[in-house]
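With TSV, N, CA and C atoms inside, this is final.tsv:
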chain	number	residue	atom	x	y	z
A	295	MET	N	109.88	97.30	106.69
A	295	MET	CA	110.66	96.31	107.37
A	295	MET	C	112.14	96.64	107.10
A	296	LYS	N	112.91	96.60	108.14
A	296	LYS	CA	114.32	96.92	108.00
A	296	LYS	C	115.12	95.64	107.84
A	297	VAL	N	116.00	95.65	106.87
A	297	VAL	CA	116.93	94.55	106.67
A	297	VAL	C	118.32	95.15	106.73
A	298	ASN	N	119.11	94.69	107.68
A	298	ASN	CA	120.46	95.22	107.88
A	298	ASN	C	120.44	96.73	108.11
A	299	GLY	N	119.39	97.25	108.78
A	299	GLY	CA	119.33	98.67	109.09
A	299	GLY	C	118.85	99.56	107.96
A	300	GLU	N	118.42	99.01	106.83
A	300	GLU	CA	117.95	99.81	105.71
A	300	GLU	C	116.49	99.46	105.40
A	301	LEU	N	115.76	100.44	104.87
A	301	LEU	CA	114.38	100.20	104.45
A	301	LEU	C	114.37	99.49	103.11
A	302	ASN	N	113.50	98.49	102.98
A	302	ASN	CA	113.41	97.86	101.67
A	302	ASN	C	112.53	98.71	100.75
A	303	GLU	N	112.39	98.30	99.53
A	303	GLU	CA	111.70	99.09	98.50
A	303	GLU	C	110.25	99.36	98.84
A	304	LEU	N	109.57	98.41	99.48
A	304	LEU	CA	108.15	98.57	99.80
A	304	LEU	C	107.91	99.52	100.96
A	305	ASP	N	108.86	99.69	101.84
A	305	ASP	CA	108.68	100.52	103.02
A	305	ASP	C	109.14	101.96	102.82
A	306	GLN	N	109.69	102.30	101.67
A	306	GLN	CA	110.16	103.65	101.45
A	306	GLN	C	108.98	104.58	101.18
A	307	PRO	N	109.07	105.81	101.64
A	307	PRO	CA	107.96	106.75	101.42
A	307	PRO	C	107.82	107.10	99.93
A	308	ILE	N	106.58	107.39	99.54
A	308	ILE	CA	106.29	107.79	98.15
A	308	ILE	C	106.68	109.25	98.01
A	309	THR	N	107.60	109.53	97.12
A	309	THR	CA	108.06	110.91	96.94
A	309	THR	C	107.59	111.52	95.63
A	310	GLY	N	106.91	110.78	94.78
A	310	GLY	CA	106.43	111.30	93.51
A	310	GLY	C	105.23	110.48	93.03
A	311	ILE	N	104.47	111.06	92.14
A	311	ILE	CA	103.29	110.38	91.60
A	311	ILE	C	103.53	110.12	90.12
A	312	ASN	N	103.30	108.91	89.71
A	312	ASN	CA	103.45	108.55	88.30
A	312	ASN	C	102.14	108.86	87.58
A	313	ILE	N	102.15	109.85	86.69
A	313	ILE	CA	100.92	110.25	86.01
A	313	ILE	C	100.75	109.59	84.64
A	314	THR	N	101.65	108.74	84.27
A	314	THR	CA	101.56	108.09	82.96
A	314	THR	C	100.24	107.32	82.79
A	315	PRO	N	99.77	106.53	83.77
A	315	PRO	CA	98.49	105.85	83.58
A	315	PRO	C	97.32	106.82	83.43
A	316	LEU	N	97.38	107.94	84.15
A	316	LEU	CA	96.32	108.94	84.03
A	316	LEU	C	96.28	109.54	82.63
A	317	VAL	N	97.42	109.86	82.08
A	317	VAL	CA	97.50	110.41	80.73
A	317	VAL	C	97.00	109.39	79.72
A	318	ASP	N	97.35	108.12	79.90
A	318	ASP	CA	96.87	107.07	79.00
A	318	ASP	C	95.35	106.98	79.01
A	319	ILE	N	94.77	107.03	80.18
A	319	ILE	CA	93.30	106.95	80.30
A	319	ILE	C	92.65	108.15	79.64
A	320	ILE	N	93.19	109.34	79.87
A	320	ILE	CA	92.62	110.56	79.28
A	320	ILE	C	92.70	110.50	77.75
A	321	LEU	N	93.80	110.03	77.21
A	321	LEU	CA	93.94	109.94	75.76
A	321	LEU	C	92.95	108.93	75.17
A	322	VAL	N	92.75	107.82	75.84
A	322	VAL	CA	91.78	106.83	75.37
A	322	VAL	C	90.38	107.43	75.40
A	323	LEU	N	90.02	108.14	76.47
A	323	LEU	CA	88.71	108.78	76.56
A	323	LEU	C	88.53	109.84	75.47
A	324	LEU	N	89.58	110.58	75.19
A	324	LEU	CA	89.52	111.59	74.13
A	324	LEU	C	89.28	110.95	72.78
A	325	ILE	N	89.94	109.86	72.49
A	325	ILE	CA	89.74	109.16	71.22
A	325	ILE	C	88.32	108.63	71.12
A	326	ILE	N	87.82	108.04	72.20
A	326	ILE	CA	86.44	107.53	72.20
A	326	ILE	C	85.46	108.67	71.97
A	327	PHE	N	85.68	109.80	72.62
A	327	PHE	CA	84.80	110.96	72.44
A	327	PHE	C	84.82	111.45	71.00
A	328	MET	N	86.00	111.53	70.41
A	328	MET	CA	86.11	112.03	69.03
A	328	MET	C	85.42	111.10	68.05
A	329	VAL	N	85.53	109.81	68.25
A	329	VAL	CA	84.92	108.85	67.33
A	329	VAL	C	83.41	108.86	67.48
A	330	THR	N	82.91	108.89	68.70
A	330	THR	CA	81.45	108.84	68.90
A	330	THR	C	80.78	110.16	68.59
A	331	ALA	N	81.49	111.27	68.69
A	331	ALA	CA	80.89	112.57	68.42
A	331	ALA	C	80.40	112.67	66.98
A	332	THR	N	81.08	112.04	66.05
A	332	THR	CA	80.65	112.11	64.66
A	332	THR	C	79.35	111.34	64.44
A	333	PHE	N	79.10	110.31	65.24
A	333	PHE	CA	77.87	109.54	65.11
A	333	PHE	C	76.70	110.22	65.80
A	334	LEU	N	76.97	111.05	66.80
A	334	LEU	CA	75.92	111.68	67.57
A	334	LEU	C	75.36	112.93	66.89
A	335	MET	N	76.10	113.47	65.96
A	335	MET	CA	75.63	114.68	65.28
A	335	MET	C	74.40	114.36	64.45
A	336	SER	N	73.41	115.25	64.51
A	336	SER	CA	72.22	115.02	63.72
A	336	SER	C	72.52	115.31	62.25
A	337	PRO	N	71.95	114.55	61.36
A	337	PRO	CA	72.22	114.80	59.95
A	337	PRO	C	71.66	116.16	59.53
A	338	SER	N	72.41	116.86	58.72
A	338	SER	CA	71.96	118.18	58.28
A	338	SER	C	71.14	118.06	57.02
A	339	ILE	N	70.38	119.09	56.76
A	339	ILE	CA	69.55	119.14	55.57
A	339	ILE	C	70.41	119.74	54.46
A	340	ASN	N	70.52	119.05	53.35
A	340	ASN	CA	71.37	119.51	52.26
A	340	ASN	C	70.59	120.51	51.42
A	341	VAL	N	70.91	121.80	51.59
A	341	VAL	CA	70.24	122.87	50.86
A	341	VAL	C	71.29	123.77	50.25
A	342	ASP	N	71.18	124.01	48.96
A	342	ASP	CA	72.07	124.92	48.25
A	342	ASP	C	71.39	126.28	48.20
A	343	LEU	N	71.71	127.15	49.16
A	343	LEU	CA	71.05	128.46	49.24
A	343	LEU	C	71.48	129.35	48.09
A	344	PRO	N	70.58	130.22	47.65
A	344	PRO	CA	70.97	131.18	46.62
A	344	PRO	C	71.97	132.18	47.19
A	345	LYS	N	72.81	132.73	46.33
A	345	LYS	CA	73.83	133.68	46.77
A	345	LYS	C	73.29	135.11	46.64
A	346	ALA	N	73.72	135.97	47.55
A	346	ALA	CA	73.33	137.37	47.52
A	346	ALA	C	74.48	138.21	48.06
A	347	THR	N	74.84	139.26	47.36
A	347	THR	CA	75.93	140.12	47.81
A	347	THR	C	75.47	141.08	48.91
A	348	THR	N	74.18	141.30	49.04
A	348	THR	CA	73.68	142.24	50.04
A	348	THR	C	73.10	141.53	51.25
A	349	GLY	N	73.43	140.27	51.43
A	349	GLY	CA	72.92	139.51	52.57
A	349	GLY	C	73.42	140.09	53.88
A	350	GLU	N	72.57	140.02	54.92
A	350	GLU	CA	72.90	140.51	56.25
A	350	GLU	C	72.92	139.34	57.22
A	351	PRO	N	73.49	139.53	58.40
A	351	PRO	CA	73.47	138.45	59.39
A	351	PRO	C	72.04	138.02	59.69
A	352	THR	N	71.86	136.74	59.93
A	352	THR	CA	70.54	136.19	60.18
A	352	THR	C	70.06	136.58	61.58
A	353	PRO	N	68.85	137.16	61.69
A	353	PRO	CA	68.34	137.52	63.01
A	353	PRO	C	67.94	136.28	63.80
A	354	ILE	N	67.79	136.45	65.11
A	354	ILE	CA	67.36	135.34	65.97
A	354	ILE	C	65.89	135.06	65.68
A	355	SER	N	65.57	133.79	65.57
A	355	SER	CA	64.22	133.39	65.20
A	355	SER	C	63.80	132.20	66.05
A	356	ASN	N	62.48	132.08	66.24
A	356	ASN	CA	61.99	130.90	66.95
A	356	ASN	C	61.37	129.89	66.00
A	357	ILE	N	61.33	130.20	64.71
A	357	ILE	CA	60.83	129.26	63.70
A	357	ILE	C	61.81	129.27	62.53
A	358	ALA	N	62.39	128.11	62.25
A	358	ALA	CA	63.30	127.98	61.11
A	358	ALA	C	62.69	126.97	60.14
A	359	VAL	N	62.28	127.45	58.99
A	359	VAL	CA	61.65	126.61	57.98
A	359	VAL	C	62.63	126.45	56.82
A	360	VAL	N	62.82	125.20	56.38
A	360	VAL	CA	63.71	124.91	55.26
A	360	VAL	C	62.95	124.10	54.23
A	361	ILE	N	63.14	124.46	52.98
A	361	ILE	CA	62.57	123.70	51.86
A	361	ILE	C	63.74	123.19	51.05
A	362	ASP	N	63.86	121.86	50.95
A	362	ASP	CA	65.00	121.30	50.21
A	362	ASP	C	64.69	121.25	48.72
A	363	ALA	N	65.64	120.76	47.93
A	363	ALA	CA	65.52	120.75	46.47
A	363	ALA	C	64.34	119.91	45.99
A	364	GLN	N	63.93	118.91	46.75
A	364	GLN	CA	62.79	118.07	46.37
A	364	GLN	C	61.47	118.67	46.83
A	365	GLY	N	61.52	119.82	47.51
A	365	GLY	CA	60.31	120.48	47.97
A	365	GLY	C	59.85	120.01	49.34
A	366	LYS	N	60.65	119.18	50.01
A	366	LYS	CA	60.27	118.70	51.35
A	366	LYS	C	60.44	119.84	52.36
A	367	LEU	N	59.55	119.86	53.32
A	367	LEU	CA	59.49	120.93	54.31
A	367	LEU	C	60.09	120.45	55.62
A	368	PHE	N	60.90	121.31	56.27
A	368	PHE	CA	61.52	120.99	57.55
A	368	PHE	C	61.28	122.15	58.51
A	369	LEU	N	60.95	121.82	59.74
A	369	LEU	CA	60.77	122.83	60.78
A	369	LEU	C	61.81	122.59	61.86
A	370	ASN	N	62.67	123.56	62.08
A	370	ASN	CA	63.74	123.46	63.07
A	370	ASN	C	64.53	122.16	62.91
A	371	GLY	N	64.78	121.78	61.66
A	371	GLY	CA	65.62	120.62	61.34
A	371	GLY	C	64.89	119.29	61.27
A	372	LYS	N	63.57	119.27	61.50
A	372	LYS	CA	62.82	118.01	61.47
A	372	LYS	C	61.77	118.05	60.36
A	373	PRO	N	61.59	116.94	59.64
A	373	PRO	CA	60.59	116.91	58.57
A	373	PRO	C	59.19	117.18	59.12
A	374	ILE	N	58.41	117.92	58.35
A	374	ILE	CA	57.05	118.27	58.76
A	374	ILE	C	56.21	118.51	57.52
A	375	ASP	N	54.90	118.37	57.65
A	375	ASP	CA	54.02	118.73	56.53
A	375	ASP	C	53.39	120.09	56.83
A	376	GLU	N	52.70	120.64	55.85
A	376	GLU	CA	52.16	121.99	55.98
A	376	GLU	C	51.12	122.10	57.09
A	377	GLU	N	50.30	121.10	57.25
A	377	GLU	CA	49.26	121.13	58.28
A	377	GLU	C	49.88	121.16	59.68
A	378	LYS	N	50.89	120.34	59.90
A	378	LYS	CA	51.55	120.32	61.21
A	378	LYS	C	52.33	121.60	61.45
A	379	LEU	N	52.87	122.19	60.39
A	379	LEU	CA	53.56	123.47	60.51
A	379	LEU	C	52.58	124.54	60.99
A	380	ALA	N	51.41	124.59	60.38
A	380	ALA	CA	50.40	125.56	60.77
A	380	ALA	C	49.97	125.34	62.22
A	381	THR	N	49.81	124.09	62.62
A	381	THR	CA	49.43	123.77	64.00
A	381	THR	C	50.51	124.20	64.98
A	382	PHE	N	51.77	123.97	64.64
A	382	PHE	CA	52.88	124.37	65.49
A	382	PHE	C	52.91	125.88	65.67
A	383	VAL	N	52.77	126.62	64.58
A	383	VAL	CA	52.81	128.09	64.64
A	383	VAL	C	51.63	128.61	65.45
A	384	ARG	N	50.47	128.03	65.25
A	384	ARG	CA	49.27	128.42	65.99
A	384	ARG	C	49.48	128.22	67.50
A	385	ALA	N	50.06	127.08	67.87
A	385	ALA	CA	50.32	126.80	69.28
A	385	ALA	C	51.32	127.79	69.86
A	386	LYS	N	52.36	128.12	69.11
A	386	LYS	CA	53.35	129.11	69.57
A	386	LYS	C	52.71	130.47	69.76
A	387	ARG	N	51.82	130.83	68.85
A	387	ARG	CA	51.15	132.13	68.94
A	387	ARG	C	50.26	132.18	70.18
A	388	GLU	N	49.57	131.07	70.49
A	388	GLU	CA	48.70	131.02	71.65
A	388	GLU	C	49.48	131.08	72.96
A	389	GLU	N	50.76	130.67	72.93
A	389	GLU	CA	51.62	130.78	74.11
A	389	GLU	C	52.00	132.23	74.37
A	390	GLY	N	51.76	133.09	73.41
A	390	GLY	CA	52.11	134.50	73.57
A	390	GLY	C	53.47	134.85	73.03
A	391	SER	N	54.10	133.94	72.33
A	391	SER	CA	55.43	134.20	71.78
A	391	SER	C	55.32	135.15	70.59
A	392	ARG	N	56.30	136.05	70.49
A	392	ARG	CA	56.39	136.90	69.29
A	392	ARG	C	57.06	136.04	68.23
A	393	LEU	N	56.38	135.84	67.14
A	393	LEU	CA	56.82	134.88	66.14
A	393	LEU	C	57.65	135.54	65.05
A	394	ASN	N	58.87	135.03	64.87
A	394	ASN	CA	59.76	135.43	63.79
A	394	ASN	C	60.18	134.15	63.08
A	395	ALA	N	60.23	134.21	61.76
A	395	ALA	CA	60.58	133.02	60.99
A	395	ALA	C	61.72	133.31	60.03
A	396	ILE	N	62.58	132.32	59.90
A	396	ILE	CA	63.63	132.36	58.88
A	396	ILE	C	63.29	131.26	57.89
A	397	ILE	N	63.24	131.62	56.63
A	397	ILE	CA	62.90	130.64	55.59
A	397	ILE	C	64.13	130.45	54.71
A	398	GLY	N	64.57	129.22	54.63
A	398	GLY	CA	65.68	128.86	53.76
A	398	GLY	C	65.19	127.89	52.72
A	399	ALA	N	65.41	128.20	51.47
A	399	ALA	CA	64.96	127.33	50.39
A	399	ALA	C	66.11	127.10	49.42
A	400	ASP	N	66.20	125.88	48.96
A	400	ASP	CA	67.19	125.55	47.94
A	400	ASP	C	66.94	126.43	46.72
A	401	LYS	N	68.01	126.79	46.02
A	401	LYS	CA	67.84	127.70	44.88
A	401	LYS	C	67.06	127.06	43.74
A	402	MET	N	66.86	125.76	43.77
A	402	MET	CA	66.10	125.08	42.72
A	402	MET	C	64.60	125.00	43.04
A	403	VAL	N	64.19	125.43	44.23
A	403	VAL	CA	62.78	125.40	44.61
A	403	VAL	C	62.06	126.53	43.89
A	404	TYR	N	60.86	126.22	43.38
A	404	TYR	CA	60.06	127.22	42.69
A	404	TYR	C	59.68	128.35	43.64
A	405	HIS	N	59.69	129.55	43.10
A	405	HIS	CA	59.36	130.75	43.87
A	405	HIS	C	57.96	130.63	44.48
A	406	GLY	N	57.04	130.05	43.73
A	406	GLY	CA	55.66	129.89	44.21
A	406	GLY	C	55.57	129.04	45.47
A	407	ARG	N	56.44	128.05	45.57
A	407	ARG	CA	56.44	127.19	46.77
A	407	ARG	C	56.87	127.99	47.99
A	408	VAL	N	57.88	128.83	47.84
A	408	VAL	CA	58.35	129.67	48.96
A	408	VAL	C	57.26	130.66	49.36
A	409	ILE	N	56.64	131.29	48.39
A	409	ILE	CA	55.58	132.25	48.68
A	409	ILE	C	54.40	131.57	49.37
A	410	HIS	N	54.09	130.34	48.96
A	410	HIS	CA	53.01	129.59	49.61
A	410	HIS	C	53.31	129.37	51.09
A	411	ILE	N	54.56	129.03	51.43
A	411	ILE	CA	54.94	128.82	52.83
A	411	ILE	C	54.92	130.15	53.60
A	412	VAL	N	55.39	131.22	52.99
A	412	VAL	CA	55.34	132.54	53.63
A	412	VAL	C	53.89	132.90	53.92
A	413	ASP	N	53.01	132.67	52.95
A	413	ASP	CA	51.59	132.98	53.12
A	413	ASP	C	50.98	132.15	54.25
A	414	LEU	N	51.32	130.87	54.30
A	414	LEU	CA	50.82	130.00	55.35
A	414	LEU	C	51.26	130.50	56.73
A	415	LEU	N	52.53	130.88	56.86
A	415	LEU	CA	53.04	131.37	58.13
A	415	LEU	C	52.41	132.71	58.51
A	416	LYS	N	52.21	133.56	57.52
A	416	LYS	CA	51.61	134.87	57.79
A	416	LYS	C	50.16	134.72	58.27
A	417	LYS	N	49.42	133.78	57.68
A	417	LYS	CA	48.04	133.52	58.11
A	417	LYS	C	48.00	133.08	59.57
A	418	GLU	N	49.03	132.38	60.02
A	418	GLU	CA	49.06	131.86	61.39
A	418	GLU	C	49.64	132.86	62.40
A	419	GLY	N	50.04	134.05	61.93
A	419	GLY	CA	50.44	135.10	62.86
A	419	GLY	C	51.92	135.36	63.00
A	420	VAL	N	52.73	134.89	62.07
A	420	VAL	CA	54.17	135.20	62.12
A	420	VAL	C	54.34	136.67	61.78
A	421	ALA	N	55.03	137.39	62.68
A	421	ALA	CA	55.16	138.84	62.53
A	421	ALA	C	56.25	139.25	61.54
A	422	LYS	N	57.41	138.61	61.62
A	422	LYS	CA	58.54	139.00	60.78
A	422	LYS	C	59.13	137.78	60.08
A	423	PHE	N	59.65	138.03	58.87
A	423	PHE	CA	60.26	136.99	58.07
A	423	PHE	C	61.67	137.41	57.68
A	424	ALA	N	62.51	136.41	57.49
A	424	ALA	CA	63.83	136.64	56.91
A	424	ALA	C	64.05	135.49	55.92
A	425	ILE	N	64.66	135.82	54.81
A	425	ILE	CA	64.99	134.80	53.81
A	425	ILE	C	66.46	134.49	53.96
A	426	ASN	N	66.77	133.23	54.16
A	426	ASN	CA	68.15	132.79	54.35
A	426	ASN	C	68.85	132.68	53.01
A	427	VAL	N	69.99	133.35	52.88
A	427	VAL	CA	70.79	133.30	51.65
A	427	VAL	C	72.24	133.05	52.04
A	428	GLU	N	73.04	132.66	51.05
A	428	GLU	CA	74.46	132.47	51.26
A	428	GLU	C	75.19	133.70	50.77
A	429	GLY	N	76.01	134.30	51.63
A	429	GLY	CA	76.75	135.50	51.24
A	429	GLY	C	77.91	135.14	50.33
A	430	GLU	N	78.36	136.13	49.56
A	430	GLU	CA	79.49	135.90	48.66
A	430	GLU	C	80.77	136.35	49.26
Transcribe the structure of this file into structure tokens.
Amino acid sequence: MKVNGELNELDQPITGINITPLVDIILVLLIIFMVTATFLMSPSINVDLPKATTGEPTPISNIAVVIDAQGKLFLNGKPIDEEKLATFVRAKREEGSRLNAIIGADKMVYHGRVIHIVDLLKKEGVAKFAINVEGE
């Protein structure tokens, strides 16, 4: 609308875009993401691996077995008992998968317990094993 031959403020063409609200929204979303990401992470298994100076990079494996300091068994990050572990490995073998296992045990776990798990996996057809250690 023209008043005295001039355009008023509402009728003037938009010559720029104000991005301040967009930046505010993005920053709020970033903060929300950062706060919720810490809650979404799965809890890790607390294992103090033994140290070895000759450790090599860990090979790719389809079975990751961890034994914590209390002797509890975990398969791919989830608690499991020995019977279910054997059943899982048997099912994987029947699928035709080449089975490789990485075994990580807390340094306080008895050697016999680790050997027992290796023996159980070997009986079920695991072809290759790797022992997880912490490098120095």
Notebook entry, point to check: Of the residues A:Glu418, A:Asp305, A:Glu428, A:Asp318, which is the one nearest to Lys386 in chain A, using only C-alpha atoms?
Noted result: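 Smallest separation from Lys386 in chain A among the options: A:Glu418.
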Note to self: To one decimal place in Å, what is the distance between CA of Val360 in chain A and CA of Arg392 in chain A?
What the structure shows: 19.9 Å
Check: atom C of Pro315 in chain A to atom C of Met328 in chain A: how many Å, to one decimal?
Finding: 19.9 Å
Checklist line | Counting only N, CA and C atoms, the option among A:Asn356, A:Ile311, A:Arg407, A:Ala395 closest to Phe423 in chain A | finding: A:Ala395
Next item on the list: Excluding Gly398 in chain A and residues on its chain fewer than 2 positions from it, collect all residues at most 5 Å away from it, counting only N, CA and C atoms, and give them as a list in words.
Entry: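 With the cut-off at 5 Å, the set is Val359, Val360, Ile361, Ile396, Asp400 and Asn426 of chain A.
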Margin query: One decimal, in Å: what's the spacing between atom C of Gln364 in chain A and atom C of Val403 in chain A?
Written below: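 Result for atom C of Gln364 in chain A versus atom C of Val403 in chain A: 8.4 Å, one decimal.
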Notebook entry, point to check: Lys372 in chain A: which residues within 8 Å, counting all atoms listed in the file, same-chain residues fewer than 3 positions away excluded, as a VMD selection string?
Noted result: chain A and resid 358 360 367 to 369 375
Checklist line | strand (DSSP E or B) positions in range 353-393 of chain A, given as number ranges by chain | finding: A: 357-361, 367-369, 372-373
Any chance you could export the current selection's N, CA and C atoms as a PDB file, keeping the file's coordinate frame?
ATOM      1  N   ILE A 357      61.330 130.200  64.710  1.00  0.00           N
ATOM      2  CA  ILE A 357      60.830 129.260  63.700  1.00  0.00           C
ATOM      3  C   ILE A 357      61.810 129.270  62.530  1.00  0.00           C
ATOM      4  N   ALA A 358      62.390 128.110  62.250  1.00  0.00           N
ATOM      5  CA  ALA A 358      63.300 127.980  61.110  1.00  0.00           C
ATOM      6  C   ALA A 358      62.690 126.970  60.140  1.00  0.00           C
ATOM      7  N   VAL A 359      62.280 127.450  58.990  1.00  0.00           N
ATOM      8  CA  VAL A 359      61.650 126.610  57.980  1.00  0.00           C
ATOM      9  C   VAL A 359      62.630 126.450  56.820  1.00  0.00           C
ATOM     10  N   VAL A 360      62.820 125.200  56.380  1.00  0.00           N
ATOM     11  CA  VAL A 360      63.710 124.910  55.260  1.00  0.00           C
ATOM     12  C   VAL A 360      62.950 124.100  54.230  1.00  0.00           C
ATOM     13  N   ILE A 361      63.140 124.460  52.980  1.00  0.00           N
ATOM     14  CA  ILE A 361      62.570 123.700  51.860  1.00  0.00           C
ATOM     15  C   ILE A 361      63.740 123.190  51.050  1.00  0.00           C
ATOM     16  N   LEU A 367      59.550 119.860  53.320  1.00  0.00           N
ATOM     17  CA  LEU A 367      59.490 120.930  54.310  1.00  0.00           C
ATOM     18  C   LEU A 367      60.090 120.450  55.620  1.00  0.00           C
ATOM     19  N   PHE A 368      60.900 121.310  56.270  1.00  0.00           N
ATOM     20  CA  PHE A 368      61.520 120.990  57.550  1.00  0.00           C
ATOM     21  C   PHE A 368      61.280 122.150  58.510  1.00  0.00           C
ATOM     22  N   LEU A 369      60.950 121.820  59.740  1.00  0.00           N
ATOM     23  CA  LEU A 369      60.770 122.830  60.780  1.00  0.00           C
ATOM     24  C   LEU A 369      61.810 122.590  61.860  1.00  0.00           C
ATOM     25  N   LYS A 372      63.570 119.270  61.500  1.00  0.00           N
ATOM     26  CA  LYS A 372      62.820 118.010  61.470  1.00  0.00           C
ATOM     27  C   LYS A 372      61.770 118.050  60.360  1.00  0.00           C
ATOM     28  N   PRO A 373      61.590 116.940  59.640  1.00  0.00           N
ATOM     29  CA  PRO A 373      60.590 116.910  58.570  1.00  0.00           C
ATOM     30  C   PRO A 373      59.190 117.180  59.120  1.00  0.00           C
TER      31      PRO A 373
END
